[in-house]
Amino acid sequence: MQKSLKKYFPIFALPTLLAFTIGFIVPFILGIYLSFCKFTTVTDAKFIGLGNYAKIFSDKTFGHALWYTALFTIVSVLLINVLAFAVAMLLTKGIKGTNIFRTVFFMPNLIGGIVLGYIWQLLLNGILAHFQKTLTYNSAYGFWGLVVLMCWQQIGYMMIIYISGIQNIPGELIEAAKIDGATSSQILKNVTIPMVMPSITICTFLTLTNGFKLFDQNLALTNGEPSNMSELLALNIYNTFYGRTGFEGVGQAKAVVFFILVALIAVGQNYLTRRKEVQQ
Amino acid sequence: MKKKLVSLMLAAAMAAAMAAGCGSNNGNGGNDSASDKGNQTEEDSSKEDSSSEDSEEGGSQTASGDGAVYYLNFKPEQADQWKALAETYTEQTGVPVTVETAASGTYESTLKSEMAKDEAPTLFQVNGPVGLASWKDYCYDLKDSAVYKNLKSDDFALIADSGEVQGVAYVIETYGLIYNKKLLSDYCALDGAKIKDASEINSFAKLKEVADDIQAKKDDLGIVGAFTSAGMDSSSDWRFKTHLANLPIYYEYQADGIESTDAVKGTYLDNYKNMWDLYITDSTVEPTMLSSSTGEDAAAEFAMGEAVFYQNGTWAYNDIKDNEVADEDLGMMPIYIGMEGEENQGLCTGSENYWCVNKNASQEDIDATLAFMEWVITSDEGRICFRDEMGFVTPFTTFTDEYQPANPLVAASQEDIDAGHKTVAWCFTTMPSENWKNGVGSALLEYAQGTGEWDAVVTAFVDGWAAEVQAVSE
């Protein structure tokens, strides 16, 4: 068994490896290389060294986008996870129509971000019109609009992961806790949450990276208006790339910085929550 | 076992998320947003379609050389007409012509990714001197081409200091204040109207007087506002951050006797403010609603007879025809911003559509492209298509009087020239970057909705200009 696995390993792994190389490794390395270049199209780049990186820090919008994104990520991670966990708890109690509810909550996740962005723009503008305002009147509106949108889209997905985690908790554990006289809040705190820690790791990881990388929804909902004040990092990079002649490399450099940032945060978060997981 | 499953799940989720994360990260290198990607595949598949058709037709007629033409068109309004024209050409000559059109507002991004391909466009567009800056190394010298030789004047070409002809304008457009003649004459008939005839409006003061009065009497006239909504959605904001901003820049250039500058002074920004105030006050909507008002909203308001004035250009005819407003009721007057001697000011006429030929294409393709361009401006098919279907006014001598389009707005611009008014040039092609326009647009919007001061517009206009010039030149 082991031997034949070894023998056939290249046959099974190669196609995927090839696809991974073409679709990921090559563009990734090319992208890093381009961040040191001045270029108009990606095929004729001229190496200029670190100039692009120096320009990032003279760009005020980048700093704003950075903290705006951080704020958005914190708020959305908290809200999405708390709500998704709450819904998951409700839908594992065996109430009537559980399956329908689960399906309904999961559905928004199947719609693309651009479409969602425009739909929510219509909905929210429709409400704000009563107050003679619009979503892009103030960056706070855009911020909360985006939070509402992301919650709506992601709670269902995270809920499914939490449900699978909750269902994996052995019934004996809860039963034993009950016999010992634990109240339901004690069970939640000391049994359920420690036992679903792996799900929490996955969900925080997903919501954290999603929050940081958010692009489509931001583009469709507010497009950074007013005055780039509701611009998240990914959109800021995109606008840098196309906003000025000769700034393609700067956009690329921002993208590399962005990648390092997201990778660091994701790895750090993973390390922290992983530590809390209990062995069964 | 369970632990293994969970860790497997974790690993899978991480891998998926990582791949997705880095994917979008790198996307900036080649392609762009999800929407653009969708767009791309659509374009690609349609390209395959048309090129396979082309090769079939080409096979039956194997007439001229091996070259092929690939035109990346800027104007979505004319996408279908260009495709049809290309097919006609292929039928006649056997030369395959592919026409692709970038979705509105994505021309630069589409061009950047298309030019990086092996099958790059042989014919593409730039929007003027600033747009040319990124593409000048790709431009074939058009000095000996038919399109350049048939040009009415060198003003319509982008000529480098070395004398190379890098781009040739193929369409001339005019913008101003489009107005509804019927509604305006209805107003003139009212008691206490400030004017008796539309022609009396020949200055900002008069325009403001009339607009304010129309706004006050809007219910009597059965309209919603004097001006259509000055929407600051991206489908409409260019009318103000680019086209209206052209006027103070134009007058400043005139006063200083220059054609472009590295540091704009903002001498006439107060006039800009007055006009902007007028647009947002005597409007169909509250200023706080402007950020999401679109270009379609404004066009619809005008076309349905809900507003009297609508700042836009000759290209807007397609959007407003066949509605409430009859063709004979369409008029266009200059945008008066309160300058001395502005009664002689004319409409704003120019071009931001320049053809450039990709010099990195093979010689056969370049020759085929030049031949195609010549055919477009000299053949009957090309000229009739320009006249009837695209409605273009061109700067080419081959377009004699019978090839002028039946667009009432074009006629209005001709009347304006005949009246001896001095045409306002399109100085906005010298604006330093998209970022500059966006900065001014955002500041205008915030001023309009009351969340910002006019000073922010001045800063974005004057300081922003110098900053952008410096950023781009580095």
# chains A, B, ... in the order shown; residues from 1 in each chain; ligands from 1
call {"tool": "residues_around", "arguments": {"residues": "Ala116 of chain B", "least_positions_apart": "6", "cutoff": "9 Å", "atoms": "only C-alpha atoms", "output": "list in words"}}
result
Thr40, Thr41, Val42, Thr43 and Asp44 of chain A; Gly30 of chain B
call {"tool": "write_last_selection", "arguments": {"atoms": "all heavy atoms", "output": "mmCIF file, in the first residue's frame"}}
result
data_model
loop_
_atom_site.group_PDB
_atom_site.id
_atom_site.type_symbol
_atom_site.label_atom_id
_atom_site.label_comp_id
_atom_site.auth_asym_id
_atom_site.auth_seq_id
_atom_site.Cartn_x
_atom_site.Cartn_y
_atom_site.Cartn_z
ATOM 1 N N THR A 40 3.958 49.506 -17.942
ATOM 2 C CA THR A 40 2.606 49.821 -18.383
ATOM 3 C C THR A 40 1.834 48.531 -18.591
ATOM 4 O O THR A 40 0.734 48.369 -18.103
ATOM 5 C CB THR A 40 2.631 50.631 -19.687
ATOM 6 O OG1 THR A 40 3.355 51.819 -19.458
ATOM 7 C CG2 THR A 40 1.222 50.994 -20.110
ATOM 8 N N THR A 41 2.430 47.592 -19.338
ATOM 9 C CA THR A 41 1.843 46.259 -19.406
ATOM 10 C C THR A 41 2.820 45.309 -18.731
ATOM 11 O O THR A 41 4.020 45.579 -18.677
ATOM 12 C CB THR A 41 1.626 45.807 -20.857
ATOM 13 O OG1 THR A 41 2.893 45.762 -21.503
ATOM 14 C CG2 THR A 41 0.715 46.744 -21.589
ATOM 15 N N VAL A 42 2.310 44.191 -18.244
ATOM 16 C CA VAL A 42 3.140 43.314 -17.420
ATOM 17 C C VAL A 42 4.269 42.670 -18.204
ATOM 18 O O VAL A 42 5.192 42.118 -17.625
ATOM 19 C CB VAL A 42 2.290 42.217 -16.741
ATOM 20 C CG1 VAL A 42 1.357 42.843 -15.734
ATOM 21 C CG2 VAL A 42 1.544 41.400 -17.764
ATOM 22 N N THR A 43 4.204 42.731 -19.519
ATOM 23 C CA THR A 43 5.235 42.038 -20.282
ATOM 24 C C THR A 43 6.468 42.896 -20.570
ATOM 25 O O THR A 43 7.488 42.372 -20.987
ATOM 26 C CB THR A 43 4.665 41.521 -21.613
ATOM 27 O OG1 THR A 43 3.841 42.537 -22.164
ATOM 28 C CG2 THR A 43 3.874 40.260 -21.397
ATOM 29 N N ASP A 44 6.378 44.224 -20.420
ATOM 30 C CA ASP A 44 7.619 44.982 -20.610
ATOM 31 C C ASP A 44 7.908 45.859 -19.396
ATOM 32 O O ASP A 44 7.598 47.039 -19.356
ATOM 33 C CB ASP A 44 7.594 45.782 -21.915
ATOM 34 C CG ASP A 44 6.567 46.885 -21.889
ATOM 35 O OD1 ASP A 44 5.634 46.799 -21.077
ATOM 36 O OD2 ASP A 44 6.699 47.830 -22.650
ATOM 37 N N GLY B 30 -2.070 40.983 -13.590
ATOM 38 C CA GLY B 30 -2.573 40.770 -14.942
ATOM 39 C C GLY B 30 -3.979 41.302 -15.078
ATOM 40 O O GLY B 30 -4.215 42.380 -15.592
#
call {"tool": "closest_atom_pairs", "arguments": {"of": "chain A", "to": "chain B", "cutoff": "7 Å", "atoms": "only C-alpha atoms", "output": "JSON lines"}}
result
{"residue": "A:Phe24", "atom": "CA", "partner": "B:Gly23", "partner_atom": "CA", "distance": 6.7}
{"residue": "A:Pro27", "atom": "CA", "partner": "B:Asn26", "partner_atom": "CA", "distance": 6.4}
{"residue": "A:Phe28", "atom": "CA", "partner": "B:Asn26", "partner_atom": "CA", "distance": 5.9}
{"residue": "A:Gly31", "atom": "CA", "partner": "B:Gly29", "partner_atom": "CA", "distance": 5.8}
{"residue": "A:Thr40", "atom": "CA", "partner": "B:Ser134", "partner_atom": "CA", "distance": 6.5}
{"residue": "A:Thr41", "atom": "CA", "partner": "B:Lys112", "partner_atom": "CA", "distance": 5.3}
{"residue": "A:Val42", "atom": "CA", "partner": "B:Ala116", "partner_atom": "CA", "distance": 6.0}
{"residue": "A:Thr43", "atom": "CA", "partner": "B:Ala116", "partner_atom": "CA", "distance": 5.5}
{"residue": "A:Gln132", "atom": "CA", "partner": "B:Thr288", "partner_atom": "CA", "distance": 6.1}
{"residue": "A:Lys133", "atom": "CA", "partner": "B:Thr288", "partner_atom": "CA", "distance": 5.4}
{"residue": "A:Thr134", "atom": "CA", "partner": "B:Met289", "partner_atom": "CA", "distance": 5.9}
{"residue": "A:Thr136", "atom": "CA", "partner": "B:Ser291", "partner_atom": "CA", "distance": 6.0}
{"residue": "A:Tyr137", "atom": "CA", "partner": "B:Ser291", "partner_atom": "CA", "distance": 6.6}
{"residue": "A:Ile202", "atom": "CA", "partner": "B:Leu10", "partner_atom": "CA", "distance": 6.3}
{"residue": "A:Leu206", "atom": "CA", "partner": "B:Ala17", "partner_atom": "CA", "distance": 6.9}
{"residue": "A:Lys213", "atom": "CA", "partner": "B:Gly21", "partner_atom": "CA", "distance": 6.8}
{"residue": "A:Asp216", "atom": "CA", "partner": "B:Ala34", "partner_atom": "CA", "distance": 6.9}
{"residue": "A:Pro226", "atom": "CA", "partner": "B:Ser442", "partner_atom": "CA", "distance": 5.8}
{"residue": "A:Ser227", "atom": "CA", "partner": "B:Ser442", "partner_atom": "CA", "distance": 4.7}
{"residue": "A:Tyr238", "atom": "CA", "partner": "B:Asn28", "partner_atom": "CA", "distance": 6.9}
{"residue": "A:Tyr242", "atom": "CA", "partner": "B:Ser109", "partner_atom": "CA", "distance": 6.8}
{"residue": "A:Gly243", "atom": "CA", "partner": "B:Glu434", "partner_atom": "CA", "distance": 5.2}
{"residue": "A:Arg244", "atom": "CA", "partner": "B:Ser433", "partner_atom": "CA", "distance": 5.3}
{"residue": "A:Thr245", "atom": "CA", "partner": "B:Ser134", "partner_atom": "CA", "distance": 5.7}
{"residue": "A:Gly246", "atom": "CA", "partner": "B:Val472", "partner_atom": "CA", "distance": 6.4}
{"residue": "A:Gln252", "atom": "CA", "partner": "B:Asn28", "partner_atom": "CA", "distance": 6.9}
{"residue": "A:Ala255", "atom": "CA", "partner": "B:Asn25", "partner_atom": "CA", "distance": 5.9}
{"residue": "A:Phe259", "atom": "CA", "partner": "B:Asn25", "partner_atom": "CA", "distance": 6.7}
call {"tool": "closest_residue", "arguments": {"among": "B:Met275, B:Val95, B:Leu247, B:Ala230", "to": "Glu296 of chain B", "atoms": "only C-alpha atoms"}}
result
B:Ala230
call {"tool": "select_by_dssp", "arguments": {"residues": "segment 5-115 of chain A", "states": "alpha helix (DSSP H)", "output": "number ranges by chain"}}
result
A: 5-20, 26-34, 51-56, 60-90, 98-106, 113-115
call {"tool": "residues_around", "arguments": {"residues": "Ile200 of chain A", "least_positions_apart": "3", "cutoff": "8 Å", "atoms": "only C-alpha atoms", "output": "PyMOL selection string"}}
result
chain A and resi 162+196-197+203-204+273
call {"tool": "write_last_selection", "arguments": {"atoms": "N, CA, C and O atoms", "output": "PDB file, in the first residue's frame"}}
result
ATOM      1  N   TYR A 162     -20.061  26.059  12.447  1.00  0.00           N
ATOM      2  CA  TYR A 162     -20.329  25.942  13.885  1.00  0.00           C
ATOM      3  C   TYR A 162     -21.273  24.775  14.165  1.00  0.00           C
ATOM      4  O   TYR A 162     -21.101  24.047  15.148  1.00  0.00           O
ATOM      5  N   VAL A 196     -15.865  23.373  20.677  1.00  0.00           N
ATOM      6  CA  VAL A 196     -15.958  23.837  19.274  1.00  0.00           C
ATOM      7  C   VAL A 196     -14.788  24.744  18.907  1.00  0.00           C
ATOM      8  O   VAL A 196     -14.810  25.403  17.878  1.00  0.00           O
ATOM      9  N   MET A 197     -13.775  24.754  19.726  1.00  0.00           N
ATOM     10  CA  MET A 197     -12.623  25.621  19.448  1.00  0.00           C
ATOM     11  C   MET A 197     -12.048  25.429  18.029  1.00  0.00           C
ATOM     12  O   MET A 197     -11.704  26.418  17.369  1.00  0.00           O
ATOM     13  N   CYS A 203     -13.401  29.591  11.647  1.00  0.00           N
ATOM     14  CA  CYS A 203     -14.300  30.710  11.345  1.00  0.00           C
ATOM     15  C   CYS A 203     -13.619  32.062  11.535  1.00  0.00           C
ATOM     16  O   CYS A 203     -13.794  32.961  10.706  1.00  0.00           O
ATOM     17  N   THR A 204     -12.857  32.208  12.594  1.00  0.00           N
ATOM     18  CA  THR A 204     -12.178  33.497  12.756  1.00  0.00           C
ATOM     19  C   THR A 204     -11.154  33.678  11.647  1.00  0.00           C
ATOM     20  O   THR A 204     -10.992  34.766  11.116  1.00  0.00           O
ATOM     21  N   THR A 273      -5.507  30.937  18.429  1.00  0.00           N
ATOM     22  CA  THR A 273      -6.711  30.149  18.696  1.00  0.00           C
ATOM     23  C   THR A 273      -6.387  28.659  18.745  1.00  0.00           C
ATOM     24  O   THR A 273      -7.032  27.908  19.464  1.00  0.00           O
TER      25      THR A 273
END
call {"tool": "residues_around", "arguments": {"residues": "Leu221 of chain A", "least_positions_apart": "6", "cutoff": "6 Å", "atoms": "only C-alpha atoms", "output": "PyMOL selection string"}}
result
chain A and resi 117-118+121
call {"tool": "closest_atom_pairs", "arguments": {"of": "segment 192-242 of chain B", "to": "segment 166-187 of chain B", "cutoff": "12 Å", "atoms": "only C-alpha atoms", "output": "Markdown table"}}
result
| residue | atom | partner | partner_atom | distance |
| --- | --- | --- | --- | --- |
| B:Gly192 | CA | B:Tyr187 | CA | 9.5 |
| B:Ala193 | CA | B:Tyr187 | CA | 6.6 |
| B:Lys194 | CA | B:Tyr187 | CA | 9.0 |
| B:Ile195 | CA | B:Tyr187 | CA | 8.6 |
| B:Lys196 | CA | B:Ser185 | CA | 8.0 |
| B:Asp197 | CA | B:Ser185 | CA | 6.9 |
| B:Ala198 | CA | B:Leu184 | CA | 6.7 |
| B:Ser199 | CA | B:Leu184 | CA | 10.5 |
| B:Glu200 | CA | B:Leu184 | CA | 11.4 |
| B:Ile201 | CA | B:Leu184 | CA | 10.9 |
| B:Asn202 | CA | B:Leu177 | CA | 11.9 |
| B:Phe204 | CA | B:Leu177 | CA | 12.0 |
| B:Leu207 | CA | B:Leu177 | CA | 10.7 |
| B:Val210 | CA | B:Tyr187 | CA | 9.1 |
| B:Ala211 | CA | B:Leu184 | CA | 10.1 |
| B:Asp212 | CA | B:Tyr187 | CA | 12.0 |
| B:Asp213 | CA | B:Tyr187 | CA | 9.2 |
| B:Ile214 | CA | B:Tyr187 | CA | 7.1 |
| B:Gln215 | CA | B:Tyr187 | CA | 10.7 |
| B:Ala216 | CA | B:Tyr187 | CA | 11.3 |
| B:Lys217 | CA | B:Tyr187 | CA | 8.7 |
| B:Lys218 | CA | B:Tyr187 | CA | 9.4 |
| B:Asp219 | CA | B:Tyr187 | CA | 11.3 |
| B:Asp220 | CA | B:Tyr187 | CA | 8.9 |
| B:Leu221 | CA | B:Tyr187 | CA | 6.9 |
| B:Gly222 | CA | B:Leu183 | CA | 9.3 |
| B:Ile223 | CA | B:Leu183 | CA | 8.7 |
| B:Val224 | CA | B:Leu183 | CA | 11.8 |
| B:Gly225 | CA | B:Leu183 | CA | 11.4 |
| B:Ala226 | CA | B:Tyr179 | CA | 9.8 |
| B:Phe227 | CA | B:Tyr179 | CA | 9.1 |
| B:Thr228 | CA | B:Tyr179 | CA | 10.2 |
| B:Arg239 | CA | B:Tyr175 | CA | 9.6 |
| B:Phe240 | CA | B:Gly176 | CA | 11.6 |
| B:Thr242 | CA | B:Tyr175 | CA | 11.8 |
call {"tool": "residues_around", "arguments": {"residues": "Pro108 of chain A", "least_positions_apart": "3", "cutoff": "12 Å", "atoms": "only C-alpha atoms", "output": "list in words"}}
result
Arg102, Thr103, Val104, Phe105, Ile111, Gly112, Gly113, Val115, Leu116, Gly117, Ile119, Trp120, Leu149, Met150, Cys151, Trp152, Gln153, Gln154, Ile155, Gly156, Tyr157 and Met158 of chain A
call {"tool": "residues_around", "arguments": {"residues": "Leu269 of chain B", "least_positions_apart": "5", "cutoff": "12 Å", "atoms": "only C-alpha atoms", "output": "compact mmCIF listing (two decimals) with all heavy atoms, in the first residue's frame"}}
result
# COMPACT_ATOMS: atom_id res chain seq x y z
N LEU B 244 -17.16 70.42 -16.70
CA LEU B 244 -17.41 71.76 -16.18
C LEU B 244 -16.09 72.40 -15.72
O LEU B 244 -15.86 73.59 -15.93
CB LEU B 244 -18.41 71.69 -15.02
CG LEU B 244 -18.83 73.03 -14.41
CD1 LEU B 244 -19.49 73.91 -15.46
CD2 LEU B 244 -19.78 72.84 -13.24
N ALA B 245 -15.23 71.58 -15.14
CA ALA B 245 -13.93 72.09 -14.68
C ALA B 245 -13.08 72.59 -15.84
O ALA B 245 -12.14 73.36 -15.65
CB ALA B 245 -13.18 71.00 -13.92
N ASN B 246 -13.43 72.16 -17.05
CA ASN B 246 -12.70 72.62 -18.23
C ASN B 246 -12.78 74.13 -18.38
O ASN B 246 -11.82 74.77 -18.83
CB ASN B 246 -13.30 71.94 -19.46
CG ASN B 246 -12.58 72.31 -20.73
OD1 ASN B 246 -11.38 72.14 -20.83
ND2 ASN B 246 -13.31 72.87 -21.69
N LEU B 247 -13.92 74.73 -18.00
CA LEU B 247 -14.11 76.16 -18.28
C LEU B 247 -13.16 77.04 -17.49
O LEU B 247 -12.50 77.89 -18.09
CB LEU B 247 -15.57 76.53 -18.08
CG LEU B 247 -16.40 75.93 -19.23
CD1 LEU B 247 -17.67 75.31 -18.75
CD2 LEU B 247 -16.64 76.96 -20.31
N PRO B 248 -13.08 76.88 -16.15
CA PRO B 248 -12.09 77.71 -15.45
C PRO B 248 -10.66 77.45 -15.93
O PRO B 248 -9.85 78.39 -15.99
CB PRO B 248 -12.25 77.31 -13.97
CG PRO B 248 -13.07 76.09 -13.96
CD PRO B 248 -13.89 76.11 -15.20
N ILE B 249 -10.37 76.22 -16.29
CA ILE B 249 -9.01 75.93 -16.78
C ILE B 249 -8.78 76.61 -18.12
O ILE B 249 -7.74 77.23 -18.37
CB ILE B 249 -8.81 74.40 -16.90
CG1 ILE B 249 -8.90 73.74 -15.53
CG2 ILE B 249 -7.46 74.08 -17.54
CD1 ILE B 249 -8.88 72.23 -15.57
N TYR B 250 -9.79 76.53 -18.99
CA TYR B 250 -9.68 77.15 -20.31
C TYR B 250 -9.41 78.65 -20.18
O TYR B 250 -8.50 79.19 -20.81
CB TYR B 250 -10.96 76.90 -21.11
CG TYR B 250 -11.09 77.74 -22.36
CD1 TYR B 250 -10.38 77.42 -23.51
CD2 TYR B 250 -11.92 78.87 -22.37
CE1 TYR B 250 -10.49 78.19 -24.65
CE2 TYR B 250 -12.04 79.65 -23.52
CZ TYR B 250 -11.33 79.31 -24.65
OH TYR B 250 -11.44 80.08 -25.78
N TYR B 251 -10.20 79.31 -19.33
CA TYR B 251 -10.02 80.76 -19.20
C TYR B 251 -8.67 81.10 -18.58
O TYR B 251 -8.05 82.11 -18.92
CB TYR B 251 -11.18 81.37 -18.39
CG TYR B 251 -12.38 81.63 -19.26
CD1 TYR B 251 -13.54 80.89 -19.13
CD2 TYR B 251 -12.33 82.61 -20.25
CE1 TYR B 251 -14.63 81.12 -19.95
CE2 TYR B 251 -13.42 82.84 -21.08
CZ TYR B 251 -14.57 82.10 -20.93
OH TYR B 251 -15.64 82.32 -21.75
N GLU B 252 -8.23 80.25 -17.67
CA GLU B 252 -6.91 80.50 -17.08
C GLU B 252 -5.81 80.34 -18.13
O GLU B 252 -4.91 81.17 -18.23
CB GLU B 252 -6.67 79.53 -15.92
CG GLU B 252 -5.37 79.81 -15.21
CD GLU B 252 -5.17 78.94 -13.97
OE1 GLU B 252 -6.17 78.63 -13.31
OE2 GLU B 252 -4.02 78.59 -13.70
N VAL B 264 -1.66 74.65 -11.81
CA VAL B 264 -2.81 75.48 -12.13
C VAL B 264 -2.98 76.48 -10.99
O VAL B 264 -2.63 76.21 -9.84
CB VAL B 264 -4.05 74.58 -12.33
CG1 VAL B 264 -4.73 74.28 -11.03
CG2 VAL B 264 -5.01 75.17 -13.34
N ASN B 274 -19.82 79.29 -8.57
CA ASN B 274 -21.13 79.86 -8.86
C ASN B 274 -21.97 78.91 -9.71
O ASN B 274 -23.15 78.70 -9.47
CB ASN B 274 -20.98 81.19 -9.61
CG ASN B 274 -20.42 82.25 -8.69
OD1 ASN B 274 -20.47 82.11 -7.47
ND2 ASN B 274 -19.86 83.30 -9.28
N MET B 275 -21.31 78.35 -10.72
CA MET B 275 -22.02 77.46 -11.63
C MET B 275 -22.45 76.20 -10.88
O MET B 275 -23.58 75.73 -11.04
CB MET B 275 -21.10 77.10 -12.80
CG MET B 275 -21.84 76.54 -13.98
SD MET B 275 -22.96 77.79 -14.67
CE MET B 275 -23.84 76.83 -15.88
N TRP B 276 -21.55 75.67 -10.08
CA TRP B 276 -21.87 74.45 -9.33
C TRP B 276 -23.01 74.72 -8.35
O TRP B 276 -23.92 73.90 -8.22
CB TRP B 276 -20.61 73.95 -8.62
CG TRP B 276 -20.77 72.70 -7.82
CD1 TRP B 276 -20.54 72.56 -6.50
CD2 TRP B 276 -21.20 71.42 -8.29
NE1 TRP B 276 -20.79 71.26 -6.11
CE2 TRP B 276 -21.21 70.54 -7.20
CE3 TRP B 276 -21.61 70.93 -9.54
CZ2 TRP B 276 -21.59 69.21 -7.30
CZ3 TRP B 276 -21.98 69.60 -9.65
CH2 TRP B 276 -21.97 68.76 -8.53
N ILE B 337 -20.08 80.91 -17.28
CA ILE B 337 -19.68 80.86 -15.88
C ILE B 337 -19.40 82.26 -15.32
O ILE B 337 -18.82 82.40 -14.25
CB ILE B 337 -18.45 79.95 -15.66
CG1 ILE B 337 -17.24 80.45 -16.45
CG2 ILE B 337 -18.77 78.51 -16.03
CD1 ILE B 337 -15.95 79.79 -16.03
N GLY B 338 -19.82 83.29 -16.05
CA GLY B 338 -19.66 84.64 -15.53
C GLY B 338 -18.33 85.28 -15.87
O GLY B 338 -17.74 85.95 -15.03
N MET B 339 -17.86 85.07 -17.09
CA MET B 339 -16.61 85.69 -17.51
C MET B 339 -16.92 86.96 -18.29
O MET B 339 -17.98 87.11 -18.88
CB MET B 339 -15.81 84.73 -18.40
CG MET B 339 -15.37 83.47 -17.71
SD MET B 339 -14.30 83.78 -16.31
CE MET B 339 -12.99 84.66 -17.13
N VAL B 440 -11.10 66.14 -7.12
CA VAL B 440 -11.98 67.29 -7.30
C VAL B 440 -13.44 66.86 -7.20
O VAL B 440 -14.25 67.51 -6.53
CB VAL B 440 -11.72 67.96 -8.68
CG1 VAL B 440 -12.76 69.02 -8.97
CG2 VAL B 440 -10.33 68.57 -8.71
N LEU B 444 -16.17 68.23 -4.60
CA LEU B 444 -17.40 68.87 -5.09
C LEU B 444 -18.62 68.25 -4.43
O LEU B 444 -19.53 68.95 -3.99
CB LEU B 444 -17.53 68.66 -6.60
CG LEU B 444 -16.84 69.59 -7.57
CD1 LEU B 444 -17.15 69.17 -8.99
CD2 LEU B 444 -17.29 71.03 -7.35
N TRP B 454 -16.01 74.62 0.54
CA TRP B 454 -15.53 74.90 -0.82
C TRP B 454 -14.01 74.92 -0.85
O TRP B 454 -13.40 74.58 -1.85
CB TRP B 454 -16.12 76.21 -1.33
CG TRP B 454 -15.62 76.50 -2.71
CD1 TRP B 454 -14.67 77.40 -3.08
CD2 TRP B 454 -16.03 75.86 -3.92
NE1 TRP B 454 -14.45 77.35 -4.43
CE2 TRP B 454 -15.29 76.40 -4.98
CE3 TRP B 454 -16.96 74.85 -4.21
CZ2 TRP B 454 -15.44 75.99 -6.29
CZ3 TRP B 454 -17.11 74.43 -5.52
CH2 TRP B 454 -16.35 75.01 -6.54
N ASP B 455 -13.39 75.30 0.26
CA ASP B 455 -11.93 75.34 0.32
C ASP B 455 -11.31 74.00 -0.07
O ASP B 455 -10.24 73.94 -0.65
CB ASP B 455 -11.46 75.71 1.73
CG ASP B 455 -11.65 77.19 2.00
OD1 ASP B 455 -11.91 77.92 1.01
OD2 ASP B 455 -11.54 77.61 3.16
N ALA B 456 -12.01 72.92 0.28
CA ALA B 456 -11.49 71.60 -0.04
C ALA B 456 -11.44 71.40 -1.56
O ALA B 456 -10.53 70.75 -2.08
CB ALA B 456 -12.36 70.52 0.60
N VAL B 457 -12.42 71.98 -2.27
CA VAL B 457 -12.41 71.89 -3.73
C VAL B 457 -11.21 72.66 -4.27
O VAL B 457 -10.49 72.19 -5.14
CB VAL B 457 -13.72 72.45 -4.34
CG1 VAL B 457 -13.69 72.33 -5.85
CG2 VAL B 457 -14.92 71.73 -3.76
N VAL B 458 -11.01 73.85 -3.72
CA VAL B 458 -9.87 74.67 -4.17
C VAL B 458 -8.56 73.92 -3.93
O VAL B 458 -7.69 73.87 -4.79
CB VAL B 458 -9.88 76.04 -3.44
CG1 VAL B 458 -8.68 76.86 -3.86
CG2 VAL B 458 -11.17 76.78 -3.74
N THR B 459 -8.45 73.34 -2.76
CA THR B 459 -7.22 72.59 -2.44
C THR B 459 -7.03 71.43 -3.41
O THR B 459 -5.94 71.24 -3.97
CB THR B 459 -7.31 72.02 -1.00
OG1 THR B 459 -7.68 73.08 -0.14
CG2 THR B 459 -5.99 71.43 -0.58
N ALA B 460 -8.10 70.67 -3.63
CA ALA B 460 -8.00 69.52 -4.53
C ALA B 460 -7.66 69.99 -5.94
O ALA B 460 -6.91 69.34 -6.66
CB ALA B 460 -9.31 68.74 -4.53
N PHE B 461 -8.19 71.15 -6.32
CA PHE B 461 -8.00 71.67 -7.68
C PHE B 461 -6.57 72.17 -7.87
O PHE B 461 -5.87 71.75 -8.79
CB PHE B 461 -9.00 72.80 -7.90
CG PHE B 461 -9.33 73.06 -9.34
CD1 PHE B 461 -10.51 72.58 -9.89
CD2 PHE B 461 -8.47 73.81 -10.15
CE1 PHE B 461 -10.83 72.82 -11.21
CE2 PHE B 461 -8.79 74.04 -11.48
CZ PHE B 461 -9.97 73.54 -12.00
N VAL B 462 -6.14 73.03 -6.97
CA VAL B 462 -4.85 73.72 -7.16
C VAL B 462 -3.69 72.87 -6.61
O VAL B 462 -2.78 72.48 -7.34
CB VAL B 462 -4.88 75.10 -6.48
CG1 VAL B 462 -3.54 75.80 -6.67
CG2 VAL B 462 -6.00 75.94 -7.06
call {"tool": "residues_around", "arguments": {"residues": "Ser229 of chain B", "least_positions_apart": "2", "cutoff": "6 Å", "atoms": "only C-alpha atoms", "output": "CSV table (one decimal) with N, CA, C and O atoms, in the first residue's frame"}}
result
chain,number,residue,atom,x,y,z
B,231,GLY,N,-25.8,64.5,-10.8
B,231,GLY,CA,-25.4,63.3,-10.1
B,231,GLY,C,-23.9,63.1,-10.0
B,231,GLY,O,-23.1,63.5,-11.0
B,283,SER,N,-32.2,72.4,-8.8
B,283,SER,CA,-32.1,71.1,-9.4
B,283,SER,C,-33.3,70.3,-9.1
B,283,SER,O,-34.2,70.7,-8.4
B,284,THR,N,-33.4,69.1,-9.7
B,284,THR,CA,-34.5,68.2,-9.5
B,284,THR,C,-34.5,67.4,-8.2
B,284,THR,O,-35.5,66.9,-7.8
B,285,VAL,N,-33.3,67.4,-7.6
B,285,VAL,CA,-33.1,66.6,-6.4
B,285,VAL,C,-32.5,67.4,-5.3
B,285,VAL,O,-31.8,68.4,-5.6
B,298,ALA,N,-30.2,61.6,-14.9
B,298,ALA,CA,-30.2,63.0,-15.5
B,298,ALA,C,-30.8,62.9,-16.9
B,298,ALA,O,-31.6,63.7,-17.3
